file query38.pdb (PDB, C-alpha atoms, pLDDT in the B column)
ATOM      1  CA  MET A 114       1.051  -3.706  21.065  1.00 62.00           C
ATOM      2  CA  ALA A 115       1.871  -3.896  17.349  1.00 75.00           C
ATOM      3  CA  ASN A 116       1.701  -6.931  15.068  1.00 84.00           C
ATOM      4  CA  GLY A 117       5.122  -6.074  13.629  1.00 85.00           C
ATOM      5  CA  HIS A 118       7.962  -8.133  15.101  1.00 88.00           C
ATOM      6  CA  PRO A 119      10.809  -7.832  15.995  1.00 91.00           C
ATOM      7  CA  HIS A 120      10.315  -4.212  14.859  1.00 93.00           C
ATOM      8  CA  PRO A 121       6.856  -2.602  14.744  1.00 92.00           C
ATOM      9  CA  GLY A 122       7.424  -1.160  11.278  1.00 93.00           C
ATOM     10  CA  MET A 123       9.743   0.300   8.672  1.00 95.00           C
ATOM     11  CA  LEU A 124       9.739   3.908   7.470  1.00 95.00           C
ATOM     12  CA  HIS A 125      12.045   5.221   4.757  1.00 96.00           C
ATOM     13  CA  LEU A 126      13.033   8.854   5.284  1.00 97.00           C
ATOM     14  CA  GLY A 127      14.616  11.552   3.186  1.00 97.00           C
ATOM     15  CA  ARG A 128      13.987  14.955   1.685  1.00 97.00           C
ATOM     16  CA  TYR A 129      11.541  15.595  -1.131  1.00 95.00           C
ATOM     17  CA  PRO A 130      12.243  15.176  -3.954  1.00 93.00           C
ATOM     18  CA  SER A 131      15.667  13.742  -3.121  1.00 94.00           C
ATOM     19  CA  GLY A 132      18.521  13.887  -0.699  1.00 96.00           C
ATOM     20  CA  ALA A 133      18.809  13.704   3.061  1.00 96.00           C
ATOM     21  CA  ASP A 134      19.677  16.193   5.758  1.00 97.00           C
ATOM     22  CA  ASP A 135      20.201  16.482   9.484  1.00 97.00           C
ATOM     23  CA  THR A 136      16.454  16.653  10.104  1.00 97.00           C
ATOM     24  CA  SER A 137      15.717  13.397   8.279  1.00 97.00           C
ATOM     25  CA  ARG A 138      18.639  11.725  10.077  1.00 97.00           C
ATOM     26  CA  ALA A 139      17.436  13.025  13.482  1.00 98.00           C
ATOM     27  CA  ILE A 140      13.918  11.730  12.839  1.00 98.00           C
ATOM     28  CA  ALA A 141      15.368   8.386  11.742  1.00 98.00           C
ATOM     29  CA  ASP A 142      17.419   8.242  14.937  1.00 98.00           C
ATOM     30  CA  ASP A 143      14.291   8.909  17.040  1.00 98.00           C
ATOM     31  CA  LEU A 144      12.290   6.265  15.181  1.00 98.00           C
ATOM     32  CA  THR A 145      15.143   3.778  15.511  1.00 97.00           C
ATOM     33  CA  ALA A 146      15.325   4.475  19.250  1.00 97.00           C
ATOM     34  CA  ALA A 147      11.588   3.726  19.410  1.00 97.00           C
ATOM     35  CA  GLY A 148      12.188   0.335  17.787  1.00 96.00           C
ATOM     36  CA  PHE A 149      11.384   1.070  14.141  1.00 96.00           C
ATOM     37  CA  VAL A 150      13.588   0.376  11.155  1.00 96.00           C
ATOM     38  CA  ALA A 151      14.151   3.822   9.636  1.00 97.00           C
ATOM     39  CA  PRO A 152      16.667   3.962   6.795  1.00 97.00           C
ATOM     40  CA  VAL A 153      17.536   7.383   5.407  1.00 98.00           C
ATOM     41  CA  ARG A 154      17.447   7.448   1.604  1.00 97.00           C
ATOM     42  CA  ASP A 155      18.674   9.978  -0.919  1.00 97.00           C
ATOM     43  CA  ASP A 156      16.120   8.431  -3.308  1.00 97.00           C
ATOM     44  CA  VAL A 157      13.238   8.330  -0.824  1.00 97.00           C
ATOM     45  CA  MET A 158      10.552   8.906  -3.469  1.00 98.00           C
ATOM     46  CA  ARG A 159      11.624   5.759  -5.328  1.00 98.00           C
ATOM     47  CA  TRP A 160      10.966   3.865  -2.083  1.00 97.00           C
ATOM     48  CA  LYS A 161       7.661   5.669  -1.532  1.00 97.00           C
ATOM     49  CA  TYR A 162       6.453   4.695  -5.004  1.00 98.00           C
ATOM     50  CA  GLY A 163       7.533   1.106  -4.365  1.00 97.00           C
ATOM     51  CA  LYS A 164       5.435   1.226  -1.202  1.00 96.00           C
ATOM     52  CA  LEU A 165       2.507   2.609  -3.219  1.00 98.00           C
ATOM     53  CA  LEU A 166       2.725  -0.377  -5.573  1.00 98.00           C
ATOM     54  CA  GLY A 167       2.815  -2.753  -2.613  1.00 95.00           C
ATOM     55  CA  ASN A 168      -0.235  -1.081  -1.079  1.00 96.00           C
ATOM     56  CA  LEU A 169      -2.409  -1.250  -4.211  1.00 97.00           C
ATOM     57  CA  GLY A 170      -3.675  -4.611  -2.954  1.00 96.00           C
ATOM     58  CA  ASN A 171      -4.941  -3.085   0.300  1.00 96.00           C
ATOM     59  CA  GLY A 172      -8.305  -2.321  -1.275  1.00 97.00           C
ATOM     60  CA  LEU A 173      -8.605  -5.856  -2.627  1.00 97.00           C
ATOM     61  CA  GLN A 174      -7.929  -7.314   0.801  1.00 96.00           C
ATOM     62  CA  ALA A 175     -10.398  -4.923   2.408  1.00 97.00           C
ATOM     63  CA  LEU A 176     -13.074  -5.870  -0.097  1.00 97.00           C
ATOM     64  CA  LEU A 177     -12.493  -9.620  -0.362  1.00 97.00           C
ATOM     65  CA  GLY A 178     -10.696 -10.639   2.828  1.00 95.00           C
ATOM     66  CA  PRO A 179      -7.562 -12.782   2.865  1.00 91.00           C
ATOM     67  CA  ASP A 180      -8.450 -14.854  -0.217  1.00 92.00           C
ATOM     68  CA  VAL A 181      -7.675 -12.351  -2.988  1.00 96.00           C
ATOM     69  CA  PRO A 182      -7.310 -14.105  -6.348  1.00 97.00           C
ATOM     70  CA  GLU A 183      -3.658 -13.779  -7.390  1.00 97.00           C
ATOM     71  CA  PRO A 184      -4.458 -12.873 -11.024  1.00 97.00           C
ATOM     72  CA  LEU A 185      -6.524  -9.915  -9.817  1.00 97.00           C
ATOM     73  CA  ALA A 186      -3.807  -8.736  -7.409  1.00 97.00           C
ATOM     74  CA  ALA A 187      -1.199  -9.114 -10.157  1.00 98.00           C
ATOM     75  CA  ARG A 188      -3.324  -7.086 -12.558  1.00 98.00           C
ATOM     76  CA  VAL A 189      -3.764  -4.244 -10.071  1.00 98.00           C
ATOM     77  CA  ARG A 190       0.005  -4.093  -9.500  1.00 98.00           C
ATOM     78  CA  ALA A 191       0.841  -4.417 -13.208  1.00 98.00           C
ATOM     79  CA  GLU A 192      -1.406  -1.453 -14.002  1.00 98.00           C
ATOM     80  CA  GLY A 193       0.412   0.497 -11.311  1.00 98.00           C
ATOM     81  CA  GLU A 194       3.809  -0.373 -12.731  1.00 98.00           C
ATOM     82  CA  GLU A 195       2.668   0.576 -16.242  1.00 98.00           C
ATOM     83  CA  ALA A 196       1.264   3.921 -15.086  1.00 98.00           C
ATOM     84  CA  LEU A 197       4.435   4.765 -13.166  1.00 98.00           C
ATOM     85  CA  ALA A 198       6.606   3.790 -16.146  1.00 98.00           C
ATOM     86  CA  ALA A 199       4.542   5.955 -18.502  1.00 98.00           C
ATOM     87  CA  ALA A 200       4.900   8.874 -16.073  1.00 98.00           C
ATOM     88  CA  GLY A 201       8.657   8.308 -15.810  1.00 98.00           C
ATOM     89  CA  ILE A 202       8.426   7.679 -12.063  1.00 98.00           C
ATOM     90  CA  PRO A 203      11.047   5.264 -10.710  1.00 98.00           C
ATOM     91  CA  HIS A 204      10.177   2.784  -7.967  1.00 98.00           C
ATOM     92  CA  THR A 205      11.784  -0.005  -6.041  1.00 97.00           C
ATOM     93  CA  THR A 206      11.259  -3.607  -7.050  1.00 96.00           C
ATOM     94  CA  ARG A 207       9.676  -6.336  -4.956  1.00 94.00           C
ATOM     95  CA  GLU A 208      13.102  -7.936  -4.692  1.00 95.00           C
ATOM     96  CA  GLU A 209      14.703  -4.756  -3.313  1.00 95.00           C
ATOM     97  CA  GLU A 210      11.931  -4.346  -0.796  1.00 93.00           C
ATOM     98  CA  ALA A 211      12.138  -7.977   0.331  1.00 93.00           C
ATOM     99  CA  ALA A 212      15.911  -7.721   0.723  1.00 93.00           C
ATOM    100  CA  GLU A 213      15.565  -4.483   2.720  1.00 91.00           C
ATOM    101  CA  ARG A 214      12.791  -5.787   4.943  1.00 89.00           C
ATOM    102  CA  GLY A 215      14.198  -9.265   5.465  1.00 88.00           C
ATOM    103  CA  ASP A 216      12.929 -10.689   8.731  1.00 90.00           C
ATOM    104  CA  ARG A 217      12.977  -7.338  10.495  1.00 89.00           C
ATOM    105  CA  VAL A 218       9.208  -6.743  10.328  1.00 87.00           C
ATOM    106  CA  ARG A 219       7.054  -9.862  10.344  1.00 87.00           C
ATOM    107  CA  HIS A 220       3.458 -10.199  11.491  1.00 84.00           C
ATOM    108  CA  ARG A 221       2.767 -11.977  14.730  1.00 85.00           C
ATOM    109  CA  PRO A 222      -0.375 -12.559  16.783  1.00 84.00           C
ATOM    110  CA  VAL A 223      -1.261  -9.987  19.442  1.00 83.00           C
ATOM    111  CA  ASP A 224      -3.200 -11.287  22.434  1.00 85.00           C
ATOM    112  CA  GLY A 225      -3.643 -14.545  20.513  1.00 82.00           C
ATOM    113  CA  GLU A 226      -5.217 -12.823  17.507  1.00 82.00           C
ATOM    114  CA  GLU A 227      -3.717 -12.797  14.025  1.00 81.00           C
ATOM    115  CA  ARG A 228      -3.617  -9.501  12.157  1.00 78.00           C
ATOM    116  CA  ALA A 229      -7.013  -9.261  10.501  1.00 79.00           C
ATOM    117  CA  GLY A 230      -6.017  -6.944   7.689  1.00 86.00           C
ATOM    118  CA  GLY A 231      -4.180  -3.869   6.511  1.00 88.00           C
ATOM    119  CA  SER A 232      -5.067  -0.219   6.843  1.00 90.00           C
ATOM    120  CA  THR A 233      -7.879  -0.173   4.263  1.00 94.00           C
ATOM    121  CA  TRP A 234      -9.396  -3.322   5.818  1.00 93.00           C
ATOM    122  CA  GLN A 235      -9.221  -1.638   9.226  1.00 92.00           C
ATOM    123  CA  SER A 236     -11.052   1.434   7.889  1.00 93.00           C
ATOM    124  CA  LEU A 237     -13.907  -0.724   6.593  1.00 93.00           C
ATOM    125  CA  ALA A 238     -13.980  -2.850   9.739  1.00 92.00           C
ATOM    126  CA  ARG A 239     -14.232   0.260  11.940  1.00 93.00           C
ATOM    127  CA  GLY A 240     -16.815   1.911   9.689  1.00 91.00           C
ATOM    128  CA  ALA A 241     -14.484   4.918   9.543  1.00 92.00           C
ATOM    129  CA  GLY A 242     -16.510   6.670   6.838  1.00 91.00           C
ATOM    130  CA  SER A 243     -13.549   6.822   4.466  1.00 92.00           C
ATOM    131  CA  ALA A 244     -10.733   4.629   3.213  1.00 94.00           C
ATOM    132  CA  GLU A 245      -7.440   5.249   1.462  1.00 95.00           C
ATOM    133  CA  ALA A 246      -8.241   3.713  -1.943  1.00 96.00           C
ATOM    134  CA  ASP A 247      -8.656   7.180  -3.456  1.00 95.00           C
ATOM    135  CA  HIS A 248      -5.066   7.927  -2.433  1.00 96.00           C
ATOM    136  CA  LEU A 249      -3.613   4.557  -3.435  1.00 97.00           C
ATOM    137  CA  ASN A 250      -5.507   3.118  -6.395  1.00 98.00           C
ATOM    138  CA  GLY A 251      -6.711   6.622  -7.253  1.00 98.00           C
ATOM    139  CA  GLU A 252      -3.126   7.813  -7.754  1.00 98.00           C
ATOM    140  CA  ILE A 253      -2.628   5.058 -10.329  1.00 98.00           C
ATOM    141  CA  VAL A 254      -5.943   5.883 -12.018  1.00 98.00           C
ATOM    142  CA  LEU A 255      -4.931   9.553 -12.244  1.00 98.00           C
ATOM    143  CA  LEU A 256      -1.456   8.762 -13.606  1.00 98.00           C
ATOM    144  CA  GLY A 257      -3.025   6.359 -16.092  1.00 98.00           C
ATOM    145  CA  ARG A 258      -5.396   9.044 -17.350  1.00 98.00           C
ATOM    146  CA  LEU A 259      -2.616  11.612 -17.601  1.00 98.00           C
ATOM    147  CA  HIS A 260      -0.317   9.258 -19.515  1.00 98.00           C
ATOM    148  CA  GLY A 261      -2.709   7.171 -21.610  1.00 98.00           C
ATOM    149  CA  VAL A 262      -2.485   3.950 -19.610  1.00 98.00           C
ATOM    150  CA  PRO A 263      -5.718   2.016 -19.013  1.00 98.00           C
ATOM    151  CA  THR A 264      -6.255   1.176 -15.332  1.00 98.00           C
ATOM    152  CA  PRO A 265      -9.612  -0.643 -15.149  1.00 98.00           C
ATOM    153  CA  ALA A 266      -8.676  -2.896 -12.224  1.00 98.00           C
ATOM    154  CA  ASN A 267      -7.523   0.037 -10.086  1.00 98.00           C
ATOM    155  CA  GLU A 268     -10.617   2.028 -11.082  1.00 98.00           C
ATOM    156  CA  ALA A 269     -12.791  -0.913 -10.043  1.00 98.00           C
ATOM    157  CA  VAL A 270     -11.058  -1.265  -6.674  1.00 98.00           C
ATOM    158  CA  GLN A 271     -11.379   2.465  -6.039  1.00 98.00           C
ATOM    159  CA  ALA A 272     -15.094   2.449  -6.917  1.00 97.00           C
ATOM    160  CA  ALA A 273     -15.810  -0.715  -4.941  1.00 98.00           C
ATOM    161  CA  VAL A 274     -14.078   0.586  -1.808  1.00 98.00           C
ATOM    162  CA  ARG A 275     -16.070   3.826  -2.072  1.00 97.00           C
ATOM    163  CA  ARG A 276     -19.252   1.769  -2.348  1.00 97.00           C
ATOM    164  CA  ALA A 277     -18.244  -0.434   0.591  1.00 97.00           C
ATOM    165  CA  VAL A 278     -17.679   2.676   2.726  1.00 97.00           C
ATOM    166  CA  ARG A 279     -20.927   4.317   1.595  1.00 96.00           C
ATOM    167  CA  GLU A 280     -23.065   1.184   2.024  1.00 96.00           C
ATOM    168  CA  ARG A 281     -21.214  -0.023   5.123  1.00 95.00           C
ATOM    169  CA  ILE A 282     -20.324  -3.327   3.502  1.00 96.00           C
ATOM    170  CA  PRO A 283     -18.197  -5.127   6.087  1.00 95.00           C
ATOM    171  CA  ALA A 284     -14.488  -5.724   5.527  1.00 95.00           C
ATOM    172  CA  GLY A 285     -14.099  -8.863   3.439  1.00 96.00           C
ATOM    173  CA  GLY A 286     -17.784  -8.829   2.487  1.00 96.00           C
ATOM    174  CA  PHE A 287     -17.739  -7.446  -1.064  1.00 97.00           C
ATOM    175  CA  PRO A 288     -18.848 -10.077  -3.604  1.00 97.00           C
ATOM    176  CA  LEU A 289     -15.974 -11.184  -5.839  1.00 97.00           C
ATOM    177  CA  ALA A 290     -18.331 -11.552  -8.817  1.00 97.00           C
ATOM    178  CA  GLU A 291     -19.362  -7.893  -8.511  1.00 97.00           C
ATOM    179  CA  LEU A 292     -15.750  -6.737  -8.323  1.00 97.00           C
ATOM    180  CA  GLU A 293     -14.827  -8.854 -11.355  1.00 96.00           C
ATOM    181  CA  LYS A 294     -17.769  -7.333 -13.241  1.00 96.00           C
ATOM    182  CA  LEU A 295     -16.500  -3.841 -12.388  1.00 96.00           C
ATOM    183  CA  VAL A 296     -13.015  -4.763 -13.624  1.00 95.00           C
ATOM    184  CA  GLY A 297     -14.477  -6.017 -16.898  1.00 91.00           C
TER     185      GLY A 297
END
call {"tool": "encode", "arguments": {"input": "query38.pdb", "output": "structure tokens"}}
result
Amino acid sequence: MANGHPHPGMLHLGRYPSGADDTSRAIADDLTAAGFVAPVRDDVMRWKYGKLLGNLGNGLQALLGPDVPEPLAARVRAEGEEALAAAGIPHTTREEEAAERGDRVRHRPVDGEERAGGSTWQSLARGAGSAEADHLNGEIVLLGRLHGVPTPANEAVQAAVRRAVRERIPAGGFPLAELEKLVG
């Protein structure tokens, strides 16, 4: 059973780098039949980059648990927005995403348990041996380097998640003071 309710999730589909075709529409139809929200987008990459920005906080949640300081989360996202802007990469806004999502995918308890955390949190909790911070925060770090945008908060999250994986620091168990020191 999934925490997402009334739909288990939302997946934007389209062709890379833009457009849509019969294949993307057929996949969307299959996902919709399975209960997902699956809009087909001609500008799918703009939605994917909006999702990237939204997921930059995954590492923070995995490291610190549910009580992520808002200024730190805002800084991680702001660096992401600056790096994308410098690279000329369009993305959706929080407002667009909220309007699209609406109440169609909310979190609910499963078997009486609240959702403990997102995908990066789950990787640390399972001791998976890897986590997605290199693909999320690392993308922003790379774009920042390529386009002259400093990304110290994203670099710190990436490094801290790597350390948490390597040292088997439990999800939510990374010391905030150490992360803040890494951020500088």
call {"tool": "resolve_selection", "arguments": {"input": "query38.pdb", "expression": "the PyMOL selection byres ((chain A and resi 202) around 12)", "output": "list of chain:residue names"}}
result
A:Pro130, A:Asp156, A:Met158, A:Arg159, A:Trp160, A:Lys161, A:Tyr162, A:Gly163, A:Leu165, A:Leu166, A:Gly193, A:Glu194, A:Glu195, A:Ala196, A:Leu197, A:Ala198, A:Ala199, A:Ala200, A:Gly201, A:Pro203, A:His204, A:Thr205, A:Ile253, A:Leu256, A:His260
call {"tool": "closest_residue", "arguments": {"input": "query38.pdb", "among": "A:Ala238, A:Ala212, A:Ala151, A:Ser232", "to": "Ala277 in chain A", "atoms": "all atoms listed in the file"}}
result
A:Ala238
call {"tool": "residues_around", "arguments": {"input": "query38.pdb", "residues": "Leu177 in chain A", "least_positions_apart": "5", "cutoff": "8 Å", "atoms": "all atoms listed in the file", "output": "list in words"}}
result
Ala284, Gly285, Gly286, Phe287, Pro288 and Leu289 of chain A
call {"tool": "atom_distance", "arguments": {"input": "query38.pdb", "atom1": "CA of Ala191 in chain A", "atom2": "CA of Glu268 in chain A"}}
result
13.3 Å
call {"tool": "resolve_selection", "arguments": {"input": "query38.pdb", "expression": "the PyMOL selection byres ((chain A and resi 174) around 12)", "output": "JSON, numbers by chain"}}
result
{"A": [168, 169, 170, 171, 172, 173, 175, 176, 177, 178, 179, 180, 181, 182, 183, 185, 186, 229, 230, 231, 232, 233, 234, 235, 236, 237, 238, 246, 270, 273, 274, 283, 284, 285, 286, 287, 289]}
call {"tool": "resolve_selection", "arguments": {"input": "query38.pdb", "expression": "the PyMOL selection byres ((chain A and resi 123-125) around 8)", "output": "PDB file with C-alpha atoms, in the frame of the given file"}}
result
ATOM      1  CA  HIS A 120      10.315  -4.212  14.859  1.00 93.00           C
ATOM      2  CA  PRO A 121       6.856  -2.602  14.744  1.00 92.00           C
ATOM      3  CA  GLY A 122       7.424  -1.160  11.278  1.00 93.00           C
ATOM      4  CA  LEU A 126      13.033   8.854   5.284  1.00 97.00           C
ATOM      5  CA  GLY A 127      14.616  11.552   3.186  1.00 97.00           C
ATOM      6  CA  PHE A 149      11.384   1.070  14.141  1.00 96.00           C
ATOM      7  CA  VAL A 150      13.588   0.376  11.155  1.00 96.00           C
ATOM      8  CA  ALA A 151      14.151   3.822   9.636  1.00 97.00           C
ATOM      9  CA  PRO A 152      16.667   3.962   6.795  1.00 97.00           C
ATOM     10  CA  VAL A 153      17.536   7.383   5.407  1.00 98.00           C
ATOM     11  CA  ARG A 154      17.447   7.448   1.604  1.00 97.00           C
ATOM     12  CA  VAL A 157      13.238   8.330  -0.824  1.00 97.00           C
ATOM     13  CA  TRP A 160      10.966   3.865  -2.083  1.00 97.00           C
ATOM     14  CA  LYS A 161       7.661   5.669  -1.532  1.00 97.00           C
ATOM     15  CA  ARG A 214      12.791  -5.787   4.943  1.00 89.00           C
ATOM     16  CA  VAL A 218       9.208  -6.743  10.328  1.00 87.00           C
TER      17      VAL A 218
END
call {"tool": "closest_residue", "arguments": {"input": "query38.pdb", "among": "A:Glu210, A:Glu245, A:Asp155, A:Leu292", "to": "Ser131 in chain A", "atoms": "all atoms listed in the file"}}
result
A:Asp155
call {"tool": "axis_aligned_box", "arguments": {"input": "query38.pdb", "around": "range 254-260 of chain A", "padding_each_side": "5 Å", "output": "AutoDock Vina command-line options"}}
result
--center_x -3.1 --center_y 8.7 --center_z -15.8 --size_x 15.6 --size_y 15.7 --size_z 17.5
call {"tool": "atom_distance", "arguments": {"input": "query38.pdb", "atom1": "CA of Ser243 in chain A", "atom2": "CA of Val278 in chain A"}}
result
6.1 Å
call {"tool": "atom_distance", "arguments": {"input": "query38.pdb", "atom1": "CA of Lys294 in chain A", "atom2": "CA of Arg279 in chain A"}}
result
19.1 Å
call {"tool": "closest_residue", "arguments": {"input": "query38.pdb", "among": "A:Gly132, A:Gly225, A:Pro263, A:Pro119", "to": "Gly148 in chain A", "atoms": "all atoms listed in the file"}}
result
A:Pro119
call {"tool": "closest_residue", "arguments": {"input": "query38.pdb", "among": "A:Ala241, A:Ala269, A:Ala146, A:Ala115", "to": "Val254 in chain A", "atoms": "all atoms listed in the file"}}
result
A:Ala269
